[in-house]
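Text of upload-v2.cif, listed as mmCIF, C-alpha atoms:
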```cif
data_upload
#
loop_
_atom_site.label_atom_id
_atom_site.label_comp_id
_atom_site.auth_asym_id
_atom_site.auth_seq_id
_atom_site.Cartn_x
_atom_site.Cartn_y
_atom_site.Cartn_z
CA VAL A 1356 -50.35 -97.16 -80.76
CA GLU A 1357 -51.00 -93.44 -80.52
CA THR A 1358 -54.45 -92.53 -79.30
CA ALA A 1359 -56.53 -89.44 -78.70
CA PRO A 1360 -59.89 -88.92 -76.99
CA LEU A 1361 -62.98 -88.16 -79.06
CA ARG A 1362 -65.03 -85.04 -78.53
CA ILE A 1363 -68.61 -85.28 -79.73
CA GLU A 1364 -69.94 -82.10 -81.32
CA SER A 1365 -73.58 -81.23 -81.94
CA SER A 1366 -73.06 -79.38 -85.23
CA ILE A 1367 -70.75 -79.27 -88.19
CA GLU A 1368 -69.49 -76.28 -90.13
CA MET A 1369 -69.17 -77.21 -93.78
CA GLU A 1370 -67.66 -75.22 -96.60
CA ARG A 1371 -69.91 -75.14 -99.65
CA ARG A 1372 -68.72 -73.90 -103.00
CA PHE A 1373 -71.01 -72.53 -105.72
CA THR A 1374 -69.72 -71.85 -109.21
CA GLY A 1375 -70.74 -69.07 -111.57
CA ALA A 1376 -69.21 -66.78 -114.15
CA VAL A 1377 -67.78 -63.28 -114.42
CA THR A 1378 -69.86 -61.10 -116.72
CA ALA A 1379 -69.73 -57.52 -117.89
CA ARG A 1380 -72.27 -55.27 -116.24
CA ARG A 1381 -73.46 -54.14 -119.67
CA THR A 1382 -73.19 -55.96 -123.00
CA SER A 1383 -75.01 -54.69 -126.08
CA ASP A 1384 -75.49 -55.77 -129.68
CA LEU A 1385 -75.42 -52.52 -131.65
CA SER A 1386 -77.23 -52.08 -134.96
CA PHE A 1387 -78.05 -49.14 -137.23
CA GLU A 1388 -81.44 -47.52 -136.69
CA GLY A 1389 -81.66 -46.58 -140.37
CA SER A 1390 -81.25 -48.40 -143.68
CA GLY A 1391 -78.58 -48.03 -146.31
CA ARG A 1392 -75.10 -49.02 -147.42
CA VAL A 1393 -72.27 -49.15 -144.88
CA ASP A 1394 -69.86 -46.42 -145.97
CA GLU A 1395 -67.25 -46.43 -143.19
CA ILE A 1396 -66.10 -48.75 -140.37
CA LEU A 1397 -63.93 -46.99 -137.78
CA VAL A 1398 -63.24 -49.74 -135.18
CA ASP A 1399 -62.31 -53.41 -135.15
CA ASP A 1400 -62.48 -56.39 -132.81
CA GLY A 1401 -60.79 -55.73 -129.47
CA ASP A 1402 -60.64 -51.93 -129.82
CA SER A 1403 -61.35 -49.84 -126.75
CA VAL A 1404 -63.95 -47.14 -127.34
CA ALA A 1405 -65.20 -44.18 -125.34
CA GLU A 1406 -68.83 -43.33 -124.70
CA GLY A 1407 -70.25 -41.51 -127.73
CA GLN A 1408 -67.38 -42.49 -130.04
CA VAL A 1409 -68.38 -43.00 -133.69
CA LEU A 1410 -68.10 -46.67 -134.69
CA ALA A 1411 -69.48 -46.72 -138.24
CA ARG A 1412 -71.43 -44.64 -140.77
CA LEU A 1413 -73.96 -45.31 -143.52
CA ASP A 1414 -73.95 -43.55 -146.89
CA THR A 1415 -76.14 -40.42 -146.53
CA SER A 1416 -75.80 -38.91 -150.03
CA LEU A 1417 -79.46 -39.60 -150.91
CA LEU A 1418 -80.65 -38.16 -147.59
CA GLY A 1419 -78.52 -35.08 -148.22
CA ALA A 1420 -80.14 -34.54 -151.62
CA GLN A 1421 -83.62 -34.94 -150.13
CA ARG A 1422 -82.79 -32.41 -147.44
CA ALA A 1423 -81.53 -29.88 -149.98
CA GLU A 1424 -84.76 -30.23 -151.98
CA VAL A 1425 -86.99 -29.71 -148.93
CA ALA A 1426 -84.85 -26.78 -147.75
CA SER A 1427 -85.25 -25.08 -151.16
CA ARG A 1428 -89.03 -25.51 -151.07
CA ARG A 1429 -89.10 -24.07 -147.58
CA ALA A 1430 -87.07 -21.02 -148.62
CA ARG A 1431 -89.50 -20.33 -151.49
CA LEU A 1432 -92.58 -20.66 -149.27
CA GLU A 1433 -91.01 -18.52 -146.56
CA ALA A 1434 -90.46 -15.73 -149.11
CA GLN A 1435 -94.10 -16.02 -150.15
CA LEU A 1436 -95.17 -15.79 -146.49
CA GLU A 1437 -93.17 -12.59 -146.02
CA GLU A 1438 -94.86 -11.17 -149.11
CA LEU A 1439 -98.29 -12.09 -147.75
CA ILE A 1440 -97.54 -10.50 -144.39
CA ALA A 1441 -96.26 -7.29 -146.05
CA GLY A 1442 -99.44 -7.01 -148.17
CA PRO A 1443 -99.87 -5.48 -151.67
CA ARG A 1444 -97.44 -2.82 -152.85
CA LYS A 1445 -98.55 0.84 -153.12
CA GLU A 1446 -98.06 0.79 -156.87
CA THR A 1447 -100.45 -2.17 -157.22
CA ILE A 1448 -103.14 -0.38 -155.18
CA ASP A 1449 -102.71 2.84 -157.22
CA ALA A 1450 -103.09 0.86 -160.43
CA ALA A 1451 -106.29 -0.74 -159.13
CA ARG A 1452 -107.69 2.69 -158.24
CA ALA A 1453 -106.87 3.95 -161.72
CA ASP A 1454 -108.73 0.99 -163.22
CA VAL A 1455 -111.80 1.86 -161.09
CA ARG A 1456 -111.71 5.51 -162.22
CA ALA A 1457 -111.37 4.51 -165.84
CA LEU A 1458 -114.34 2.17 -165.65
CA GLU A 1459 -116.40 4.80 -163.86
CA GLY A 1460 -115.69 7.15 -166.75
CA GLN A 1461 -116.64 4.55 -169.31
CA ARG A 1462 -119.87 3.86 -167.42
CA SER A 1463 -120.81 7.59 -167.37
CA LEU A 1464 -120.20 7.80 -171.11
CA GLY A 1465 -122.17 4.62 -171.73
CA ILE A 1466 -125.14 5.95 -169.77
CA VAL A 1467 -125.15 9.20 -171.80
CA LEU A 1468 -125.06 7.27 -175.06
CA ARG A 1469 -127.82 4.95 -173.88
CA ASP A 1470 -130.10 7.86 -172.85
CA ARG A 1471 -129.49 9.64 -176.15
CA ARG A 1472 -130.35 6.57 -178.19
CA GLU A 1473 -133.56 6.10 -176.23
CA ILE A 1474 -134.65 9.57 -177.40
CA LEU A 1475 -133.60 8.84 -180.95
CA VAL A 1476 -135.55 5.57 -181.00
CA THR A 1477 -138.77 7.39 -180.00
CA LYS A 1478 -138.22 9.79 -182.92
CA GLY A 1479 -137.57 6.88 -185.29
CA THR A 1480 -134.08 8.13 -186.14
CA ILE A 1481 -132.24 4.90 -185.12
CA SER A 1482 -133.29 1.29 -184.83
CA SER A 1483 -134.13 -0.50 -181.56
CA GLU A 1484 -131.15 -2.73 -182.16
CA GLN A 1485 -128.75 0.18 -181.66
CA LEU A 1486 -130.46 0.99 -178.35
CA ASP A 1487 -130.09 -2.60 -177.15
CA THR A 1488 -126.37 -2.44 -177.96
CA ALA A 1489 -125.93 0.71 -175.87
CA ARG A 1490 -127.78 -0.80 -172.95
CA THR A 1491 -125.62 -3.99 -173.09
CA GLU A 1492 -122.43 -1.92 -173.12
CA VAL A 1493 -123.54 -0.09 -169.95
CA THR A 1494 -124.35 -3.41 -168.18
CA THR A 1495 -120.94 -4.86 -169.13
CA ILE A 1496 -119.08 -1.78 -167.92
CA GLU A 1497 -120.97 -1.82 -164.62
CA ALA A 1498 -119.99 -5.50 -164.06
CA GLN A 1499 -116.36 -4.71 -164.80
CA LEU A 1500 -116.54 -1.74 -162.43
CA SER A 1501 -117.95 -3.92 -159.60
CA ALA A 1502 -115.11 -6.42 -160.08
CA ALA A 1503 -112.50 -3.65 -160.11
CA ARG A 1504 -113.93 -2.10 -156.93
CA ALA A 1505 -113.89 -5.52 -155.19
CA ARG A 1506 -110.27 -6.08 -156.25
CA LEU A 1507 -109.31 -2.63 -154.96
CA ALA A 1508 -111.04 -3.28 -151.62
CA GLU A 1509 -109.18 -6.61 -151.29
CA LEU A 1510 -105.86 -4.91 -151.94
CA GLU A 1511 -106.60 -2.11 -149.47
CA ASN A 1512 -107.66 -4.61 -146.75
CA GLY A 1513 -104.42 -6.62 -147.09
CA THR A 1514 -103.89 -10.40 -146.97
CA ARG A 1515 -106.50 -12.46 -145.12
CA PRO A 1516 -105.29 -14.01 -141.78
CA GLU A 1517 -106.45 -17.43 -142.96
CA THR A 1518 -104.13 -17.27 -145.97
CA ILE A 1519 -101.17 -16.37 -143.77
CA ALA A 1520 -102.04 -19.17 -141.32
CA ALA A 1521 -102.27 -21.70 -144.17
CA GLN A 1522 -98.87 -20.62 -145.48
CA ARG A 1523 -97.36 -20.96 -142.02
CA GLY A 1524 -98.87 -24.44 -141.73
CA THR A 1525 -97.20 -25.46 -144.98
CA LEU A 1526 -93.89 -24.16 -143.63
CA GLY A 1527 -94.42 -26.20 -140.45
CA GLU A 1528 -94.88 -29.35 -142.52
CA LEU A 1529 -91.59 -28.69 -144.28
CA ASP A 1530 -89.85 -28.06 -140.95
CA ALA A 1531 -91.10 -31.44 -139.73
CA ALA A 1532 -89.82 -33.06 -142.92
CA LEU A 1533 -86.41 -31.46 -142.39
CA SER A 1534 -86.31 -32.70 -138.79
CA ALA A 1535 -87.17 -36.24 -139.94
CA ILE A 1536 -84.36 -36.15 -142.51
CA ASP A 1537 -81.92 -34.82 -139.90
CA ILE A 1538 -82.88 -37.68 -137.56
CA SER A 1539 -82.32 -40.19 -140.37
CA ILE A 1540 -78.91 -38.68 -141.08
CA ASP A 1541 -78.02 -38.83 -137.38
CA GLN A 1542 -79.19 -42.46 -137.18
CA ALA A 1543 -76.84 -43.28 -140.04
CA THR A 1544 -73.97 -42.75 -137.58
CA LEU A 1545 -73.51 -45.58 -135.07
CA LYS A 1546 -72.03 -44.48 -131.73
CA ALA A 1547 -70.88 -46.34 -128.61
CA PRO A 1548 -73.56 -46.12 -125.87
CA PHE A 1549 -70.93 -46.57 -123.14
CA ALA A 1550 -67.18 -47.02 -122.73
CA GLY A 1551 -66.02 -50.54 -123.39
CA LYS A 1552 -64.37 -52.90 -125.85
CA ILE A 1553 -65.58 -54.20 -129.18
CA ALA A 1554 -66.11 -57.92 -128.69
CA ALA A 1555 -67.25 -58.63 -132.26
CA ARG A 1556 -67.67 -56.80 -135.57
CA MET A 1557 -70.30 -58.32 -137.88
CA VAL A 1558 -70.41 -55.92 -140.87
CA ASP A 1559 -67.95 -54.57 -143.43
CA GLU A 1560 -67.86 -51.60 -145.78
CA GLY A 1561 -70.30 -51.98 -148.66
CA ALA A 1562 -72.77 -54.14 -146.76
CA VAL A 1563 -76.41 -53.07 -147.00
CA VAL A 1564 -78.41 -52.92 -143.79
CA SER A 1565 -82.20 -52.71 -143.64
CA GLN A 1566 -84.77 -52.21 -140.94
CA MET A 1567 -86.84 -54.91 -142.60
CA MET A 1568 -84.10 -57.42 -141.67
CA PRO A 1569 -82.16 -55.93 -138.71
CA GLN A 1570 -78.59 -57.08 -138.31
CA ALA A 1571 -76.22 -56.40 -135.41
CA ALA A 1572 -73.12 -54.50 -136.47
CA PHE A 1573 -71.06 -54.71 -133.27
CA THR A 1574 -71.07 -56.34 -129.86
CA ILE A 1575 -69.71 -54.03 -127.18
CA VAL A 1576 -68.77 -55.09 -123.67
CA GLU A 1577 -68.46 -52.53 -120.88
CA SER A 1578 -64.90 -52.33 -119.61
CA GLY A 1579 -63.96 -51.93 -115.96
CA ALA A 1580 -67.43 -52.82 -114.69
CA LEU A 1581 -67.54 -56.54 -113.97
CA GLU A 1582 -69.77 -58.66 -111.79
CA ALA A 1583 -70.06 -62.29 -110.84
CA ARG A 1584 -73.38 -64.11 -111.15
CA ILE A 1585 -73.69 -67.28 -109.06
CA GLY A 1586 -76.71 -69.42 -108.26
CA VAL A 1587 -77.19 -70.52 -104.64
CA PRO A 1588 -79.98 -72.34 -102.78
CA PRO A 1589 -82.75 -69.93 -101.68
CA PRO A 1590 -82.17 -70.48 -97.92
CA LEU A 1591 -78.60 -69.16 -98.24
CA ALA A 1592 -79.42 -66.13 -100.41
CA ALA A 1593 -80.43 -63.73 -97.63
CA GLY A 1594 -77.34 -64.43 -95.51
CA ILE A 1595 -75.02 -63.99 -98.48
CA GLU A 1596 -76.67 -60.72 -99.53
CA SER A 1597 -76.40 -59.24 -96.03
CA GLY A 1598 -72.84 -60.50 -95.54
CA ALA A 1599 -73.79 -62.47 -92.41
CA SER A 1600 -72.66 -65.80 -93.91
CA GLY A 1601 -69.04 -64.71 -94.29
CA ALA A 1602 -69.03 -65.84 -97.93
CA VAL A 1603 -65.96 -65.01 -100.03
CA LEU A 1604 -65.54 -64.83 -103.80
CA GLU A 1605 -62.68 -66.70 -105.43
CA ILE A 1606 -61.53 -66.23 -109.01
CA ARG A 1607 -58.45 -68.00 -110.38
CA GLY A 1608 -57.66 -69.18 -106.87
CA GLN A 1609 -57.59 -65.62 -105.49
CA VAL A 1610 -60.03 -64.01 -103.08
CA VAL A 1611 -61.62 -61.06 -104.89
CA ALA A 1612 -63.28 -58.14 -103.15
CA ALA A 1613 -66.96 -57.82 -104.02
CA PRO A 1614 -68.40 -55.06 -101.81
CA THR A 1615 -71.93 -55.08 -103.23
CA ARG A 1616 -74.05 -58.22 -103.20
CA VAL A 1617 -77.57 -58.35 -104.55
CA ALA A 1618 -79.89 -61.37 -104.55
CA LEU A 1619 -82.30 -61.37 -107.49
CA PRO A 1620 -85.96 -61.61 -106.45
CA THR A 1621 -86.81 -64.70 -108.51
CA VAL A 1622 -85.91 -68.39 -108.36
CA GLU A 1623 -84.51 -69.89 -111.56
CA GLN A 1624 -86.96 -72.50 -112.80
CA GLY A 1625 -84.33 -74.81 -114.24
CA THR A 1626 -81.91 -74.90 -111.29
CA ARG A 1627 -84.23 -73.81 -108.45
CA THR A 1628 -81.54 -71.39 -107.29
CA VAL A 1629 -81.40 -67.68 -106.52
CA THR A 1630 -78.84 -65.72 -108.50
CA ILE A 1631 -76.43 -63.66 -106.42
CA VAL A 1632 -74.89 -60.70 -108.26
CA LEU A 1633 -71.54 -59.59 -106.81
CA LYS A 1634 -70.19 -56.32 -108.18
CA ILE A 1635 -66.41 -56.50 -108.49
CA ASP A 1636 -64.34 -53.45 -107.62
CA PRO A 1637 -62.94 -51.93 -110.88
CA VAL A 1638 -59.45 -51.51 -109.39
CA THR A 1639 -59.42 -55.17 -108.34
CA ALA A 1640 -60.68 -56.25 -111.75
CA GLN A 1641 -57.93 -54.31 -113.51
CA LYS A 1642 -55.21 -55.47 -111.13
CA THR A 1643 -56.15 -59.15 -111.48
CA LYS A 1644 -56.90 -58.78 -115.22
CA LEU A 1645 -60.33 -60.34 -114.95
CA ARG A 1646 -62.31 -60.95 -118.11
CA PRO A 1647 -65.97 -61.76 -118.77
CA GLY A 1648 -66.30 -65.52 -118.85
CA ASP A 1649 -63.85 -66.26 -116.02
CA ILE A 1650 -65.06 -68.89 -113.58
CA ALA A 1651 -66.09 -67.47 -110.20
CA THR A 1652 -66.58 -69.51 -107.05
CA LEU A 1653 -68.55 -68.39 -104.01
CA VAL A 1654 -67.32 -70.09 -100.83
CA VAL A 1655 -69.92 -70.20 -98.05
CA ALA A 1656 -69.52 -71.63 -94.53
CA VAL A 1657 -72.69 -73.51 -93.60
CA THR A 1658 -73.42 -74.81 -90.09
CA ARG A 1659 -75.89 -77.66 -89.71
CA PRO A 1660 -76.92 -79.71 -86.67
CA GLU A 1661 -75.20 -83.09 -86.72
CA ALA A 1662 -73.79 -85.21 -83.89
CA GLY A 1663 -70.29 -86.48 -84.64
CA ALA A 1664 -66.60 -86.01 -84.10
CA TRP A 1665 -63.54 -84.85 -86.01
CA VAL A 1666 -60.84 -87.49 -86.50
CA PRO A 1667 -57.53 -87.49 -88.42
CA LEU A 1668 -57.69 -89.06 -91.87
CA ALA A 1669 -54.86 -91.37 -90.78
CA ALA A 1670 -57.21 -92.92 -88.23
CA LEU A 1671 -59.60 -94.14 -90.93
CA SER A 1672 -59.44 -97.34 -92.90
CA GLU A 1673 -61.81 -98.43 -95.67
CA SER A 1674 -64.62 -100.77 -94.73
CA THR A 1675 -67.56 -102.29 -96.59
CA ARG A 1676 -70.73 -100.81 -98.13
CA GLY A 1677 -69.25 -97.32 -98.34
CA LEU A 1678 -68.42 -97.12 -94.66
CA TRP A 1679 -65.13 -96.49 -92.92
CA SER A 1680 -63.74 -97.89 -89.70
CA LEU A 1681 -61.93 -96.60 -86.66
CA TYR A 1682 -60.06 -98.52 -83.97
CA GLN A 1683 -60.83 -97.57 -80.44
CA VAL A 1684 -58.87 -98.82 -77.45
CA VAL A 1685 -60.92 -100.76 -74.91
CA GLN A 1686 -59.59 -101.63 -71.45
CA GLY A 1687 -60.02 -105.29 -70.52
CA ASP A 1688 -61.12 -106.66 -67.13
CA ALA A 1689 -57.59 -107.91 -66.40
CA GLY A 1690 -56.17 -104.41 -66.97
CA GLY A 1691 -54.89 -104.94 -70.51
CA ALA A 1692 -56.12 -103.02 -73.56
CA HIS A 1693 -57.13 -104.23 -77.01
CA ALA A 1694 -58.24 -102.66 -80.32
CA GLU A 1695 -61.88 -102.75 -81.26
CA ARG A 1696 -63.11 -101.76 -84.72
CA VAL A 1697 -65.99 -99.27 -85.02
CA GLU A 1698 -67.89 -98.58 -88.29
CA VAL A 1699 -68.42 -94.88 -89.05
CA GLU A 1700 -69.83 -92.73 -91.84
CA VAL A 1701 -67.74 -89.84 -93.18
CA LEU A 1702 -69.83 -86.67 -93.55
CA HIS A 1703 -67.20 -84.07 -94.39
CA VAL A 1704 -63.47 -83.84 -95.02
CA ARG A 1705 -61.39 -80.71 -94.45
CA ASP A 1706 -57.75 -79.89 -93.72
CA GLY A 1707 -56.63 -83.50 -93.22
CA ARG A 1708 -59.56 -84.34 -90.93
CA ALA A 1709 -62.93 -86.03 -91.35
CA PHE A 1710 -66.18 -85.44 -89.52
CA VAL A 1711 -67.69 -88.87 -88.78
CA ARG A 1712 -70.74 -90.28 -87.09
CA GLY A 1713 -71.47 -93.79 -85.87
CA THR A 1714 -71.35 -95.88 -82.70
CA ILE A 1715 -68.83 -93.59 -81.04
CA SER A 1716 -69.07 -91.88 -77.68
CA GLU A 1717 -67.60 -88.92 -75.86
CA GLY A 1718 -64.14 -89.60 -74.38
CA SER A 1719 -63.44 -92.80 -76.31
CA HIS A 1720 -59.79 -93.19 -77.22
CA ILE A 1721 -59.19 -93.93 -80.87
CA VAL A 1722 -56.03 -94.91 -82.66
CA VAL A 1723 -54.86 -91.87 -84.59
CA SER A 1724 -52.06 -93.49 -86.62
CA GLY A 1725 -50.92 -96.92 -87.71
CA ALA A 1726 -54.45 -98.33 -87.86
CA HIS A 1727 -53.48 -100.38 -90.91
CA ARG A 1728 -51.29 -102.59 -88.62
CA LEU A 1729 -54.19 -103.55 -86.39
CA VAL A 1730 -56.80 -106.29 -86.38
CA PRO A 1731 -59.86 -106.46 -84.13
CA GLY A 1732 -59.03 -107.78 -80.65
CA GLN A 1733 -55.30 -107.16 -80.94
CA THR A 1734 -53.63 -106.28 -77.65
CA VAL A 1735 -52.22 -102.76 -77.76
CA GLU A 1736 -50.27 -100.42 -75.56
CA THR A 1737 -51.39 -96.76 -75.77
CA VAL A 1738 -49.04 -93.86 -76.26
CA HIS A 1739 -50.56 -90.38 -76.28
CA PRO A 1740 -49.24 -88.18 -79.12
CA ASP A 1741 -47.60 -84.81 -78.74
CA PRO A 1742 -50.39 -82.18 -78.28
CA ALA A 1743 -48.82 -80.11 -81.07
CA SER A 1744 -49.07 -83.04 -83.48
CA PRO A 1745 -51.29 -82.27 -86.50
CA GLY A 1746 -52.96 -85.67 -86.10
CA GLU A 1747 -54.55 -84.78 -82.78
CA SER A 1748 -58.32 -84.69 -82.79
CA GLU A 1749 -60.16 -81.49 -81.90
#
```

Kindly present the structure from the file in structure tokens form.
Amino acid sequence: VETAPLRIESSIEMERRFTGAVTARRTSDLSFEGSGRVDEILVDDGDSVAEGQVLARLDTSLLGAQRAEVASRRARLEAQLEELIAGPRKETIDAARADVRALEGQRSLGIVLRDRREILVTKGTISSEQLDTARTEVTTIEAQLSAARARLAELENGTRPETIAAQRGTLGELDAALSAIDISIDQATLKAPFAGKIAARMVDEGAVVSQMMPQAAFTIVESGALEARIGVPPPLAAGIESGASGAVLEIRGQVVAAPTRVALPTVEQGTRTVTIVLKIDPVTAQKTKLRPGDIATLVVAVTRPEAGAWVPLAALSESTRGLWSLYQVVQGDAGGAHAERVEVEVLHVRDGRAFVRGTISEGSHIVVSGAHRLVPGQTVETVHPDPASPGESE
């Protein structure tokens, strides 16, 4: 039989694999901010879009009519404001002055008539009633004259500042209304927030959207910016984030460069793992044609203290209760050698070898091939294998 000496090691380096998924860095469900009927759809499923590109539009005919009405009211009020600022025209003031002069003349005449009738009443020539009429006419003319003088003073002083301020306030309200309508018109156009691909289109022309019952119109996925999200045990997160663990990312059986690694600060309650986010280089993602949803595997080498030895898989044979057995060569007192079976537990398998622990010791010679031909106590003759043989133990 071929034999090889065992070398007991104090630790084992195991390869652990954690599975996650490739996701887009940004994915958004887009919906209209306004309400109305969908008038135009400009993209479809799978289309590539640029940042700011128009995707769809709502019908804005009613908003346009409302804007035209408010704009007309504003133009009328602005003309009135200019008239208030300019003040009364010279012709209007001259006419008011003429009215004052005319009333002053009427008052002078009324006073003369009143004084004359007072004399005539004392002589008994006219009745007292005629005097009362003359006095009333003078009082009426004086009231009209006071009103005319006040109107002339108002015209000469110009428009009050309060009136101009009130008119400007009304114009400000209309400007705000125009801005609100412009915002509503702008919100009727749905644009791409970033460059990407349309993953789903959920509305068609003629559909009515409402802010009372919001509905997503498109799902957009950022193109060229992919990342892998993988959950790992918390003790491994720090080493993976710093790069000290030597972890590599595999997707579709290929090692993918992921220069940036970030460990999220929380532990997932369901899995008790920390999510590692690995940003994938855009050139690599394009070259390997990665897509969101691809399975990503994070391979991490973990070293743990464990006493045992590496043996070739060919040296193992199945035993009972989940154990395996090795045959080691034991020298007899008479100088001969025989095979003795040893029960071991397999802890890890890699590259055609198994790391085992059990009642084994440093330097023991085990049978590395042909163990299936042996029985306990069988006399054997040892032949050491070629050192370059792949079955040789480390």

- Message: Expand the PyMOL selection byres ((chain A and resi 1439) around 10) into the explicit residue set it covers here, and present it as a ChimeraX atom specification.
- Response: /A:1433-1438,1440-1443,1513-1516,1518-1519,1522

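When the PyMOL selection byres ((chain A and resi 1654) around 8) is evaluated against the file, it yields Glu1370, Arg1371, Arg1372, Phe1373, Ala1602, Val1603, Leu1604, Glu1605, Thr1652, Leu1653, Val1655 and Ala1656 of chain A.
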
- Run the PyMOL selection byres ((chain A and resi 1390) around 8) mentally over the shown coordinates, then write out the matched residues as a VMD selection string, using the chain letters and numbers from the document. chain A and resid 1387 to 1389 1391 to 1392 1413 1543 1563 to 1566

- Message: Taking (-73.6, -59.5, -119.3) as a centre in this file's frame and 12 Å as the limit, can you find every polymer residue with an atom that close, using only C-alpha atoms, and give them as a list of chain:residue names?
- Response: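 The residues that fall inside the cut-off are A:Ala1376, A:Val1377, A:Thr1378, A:Ala1379, A:Arg1380, A:Arg1381, A:Thr1382, A:Ser1383, A:Asp1384, A:Thr1574, A:Ile1575, A:Val1576, A:Glu1577, A:Ser1578, A:Ala1580, A:Leu1581, A:Glu1582, A:Ala1583, A:Arg1584, A:Val1632, A:Arg1646, A:Pro1647, A:Gly1648.
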
Take the residues just selected and output them with C-alpha atoms as an mmCIF file, in the frame of the given file.
```
data_model
loop_
_atom_site.group_PDB
_atom_site.id
_atom_site.type_symbol
_atom_site.label_atom_id
_atom_site.label_comp_id
_atom_site.auth_asym_id
_atom_site.auth_seq_id
_atom_site.Cartn_x
_atom_site.Cartn_y
_atom_site.Cartn_z
ATOM 1 C CA ALA A 1376 -69.210 -66.780 -114.150
ATOM 2 C CA VAL A 1377 -67.780 -63.280 -114.420
ATOM 3 C CA THR A 1378 -69.860 -61.100 -116.720
ATOM 4 C CA ALA A 1379 -69.730 -57.520 -117.890
ATOM 5 C CA ARG A 1380 -72.270 -55.270 -116.240
ATOM 6 C CA ARG A 1381 -73.460 -54.140 -119.670
ATOM 7 C CA THR A 1382 -73.190 -55.960 -123.000
ATOM 8 C CA SER A 1383 -75.010 -54.690 -126.080
ATOM 9 C CA ASP A 1384 -75.490 -55.770 -129.680
ATOM 10 C CA THR A 1574 -71.070 -56.340 -129.860
ATOM 11 C CA ILE A 1575 -69.710 -54.030 -127.180
ATOM 12 C CA VAL A 1576 -68.770 -55.090 -123.670
ATOM 13 C CA GLU A 1577 -68.460 -52.530 -120.880
ATOM 14 C CA SER A 1578 -64.900 -52.330 -119.610
ATOM 15 C CA ALA A 1580 -67.430 -52.820 -114.690
ATOM 16 C CA LEU A 1581 -67.540 -56.540 -113.970
ATOM 17 C CA GLU A 1582 -69.770 -58.660 -111.790
ATOM 18 C CA ALA A 1583 -70.060 -62.290 -110.840
ATOM 19 C CA ARG A 1584 -73.380 -64.110 -111.150
ATOM 20 C CA VAL A 1632 -74.890 -60.700 -108.260
ATOM 21 C CA ARG A 1646 -62.310 -60.950 -118.110
ATOM 22 C CA PRO A 1647 -65.970 -61.760 -118.770
ATOM 23 C CA GLY A 1648 -66.300 -65.520 -118.850
#
```

- Find the spatial neighbours of segment 1692-1696 of chain A, counting all atoms listed in the file, within a cut-off of 6 Å - ignore same-chain residues fewer than 4 positions away - and output them as number ranges by chain. A: 1681-1687, 1731-1735

- Task: Could you check how far atom CA of Leu1417 of chain A sits from atom CA of Ala1555 of chain A, in Å to one decimal?
- Result: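 Atom CA of Ala1555 of chain A lies at a distance of 29.3 Å from atom CA of Leu1417 of chain A.
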
Could N, CA and C atoms be built for segment 1625-1636 of chain A and written out as a compact mmCIF listing (two decimals), in the coordinates of the input?
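Saved as part01.txt:
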```
# COMPACT_ATOMS: atom_id res chain seq x y z
N GLY A 1625 -85.09 -73.63 -113.88
CA GLY A 1625 -84.33 -74.81 -114.24
C GLY A 1625 -83.48 -75.36 -113.11
N THR A 1626 -82.84 -74.48 -112.35
CA THR A 1626 -81.91 -74.90 -111.29
C THR A 1626 -82.48 -74.76 -109.90
N ARG A 1627 -83.63 -74.07 -109.76
CA ARG A 1627 -84.23 -73.81 -108.45
C ARG A 1627 -83.25 -73.10 -107.53
N THR A 1628 -82.50 -72.16 -108.08
CA THR A 1628 -81.54 -71.39 -107.29
C THR A 1628 -81.85 -69.91 -107.42
N VAL A 1629 -81.31 -69.14 -106.49
CA VAL A 1629 -81.40 -67.68 -106.52
C VAL A 1629 -80.06 -67.15 -106.99
N THR A 1630 -80.08 -66.28 -107.97
CA THR A 1630 -78.84 -65.72 -108.50
C THR A 1630 -78.34 -64.59 -107.62
N ILE A 1631 -77.09 -64.71 -107.19
CA ILE A 1631 -76.43 -63.66 -106.42
C ILE A 1631 -75.53 -62.88 -107.37
N VAL A 1632 -75.71 -61.57 -107.41
CA VAL A 1632 -74.89 -60.70 -108.26
C VAL A 1632 -73.89 -59.98 -107.35
N LEU A 1633 -72.60 -60.20 -107.61
CA LEU A 1633 -71.54 -59.59 -106.81
C LEU A 1633 -70.77 -58.62 -107.71
N LYS A 1634 -70.86 -57.34 -107.39
CA LYS A 1634 -70.19 -56.32 -108.18
C LYS A 1634 -68.71 -56.27 -107.77
N ILE A 1635 -67.85 -56.45 -108.75
CA ILE A 1635 -66.41 -56.50 -108.49
C ILE A 1635 -65.82 -55.11 -108.60
N ASP A 1636 -64.98 -54.77 -107.64
CA ASP A 1636 -64.34 -53.45 -107.62
C ASP A 1636 -63.51 -53.27 -108.90
```
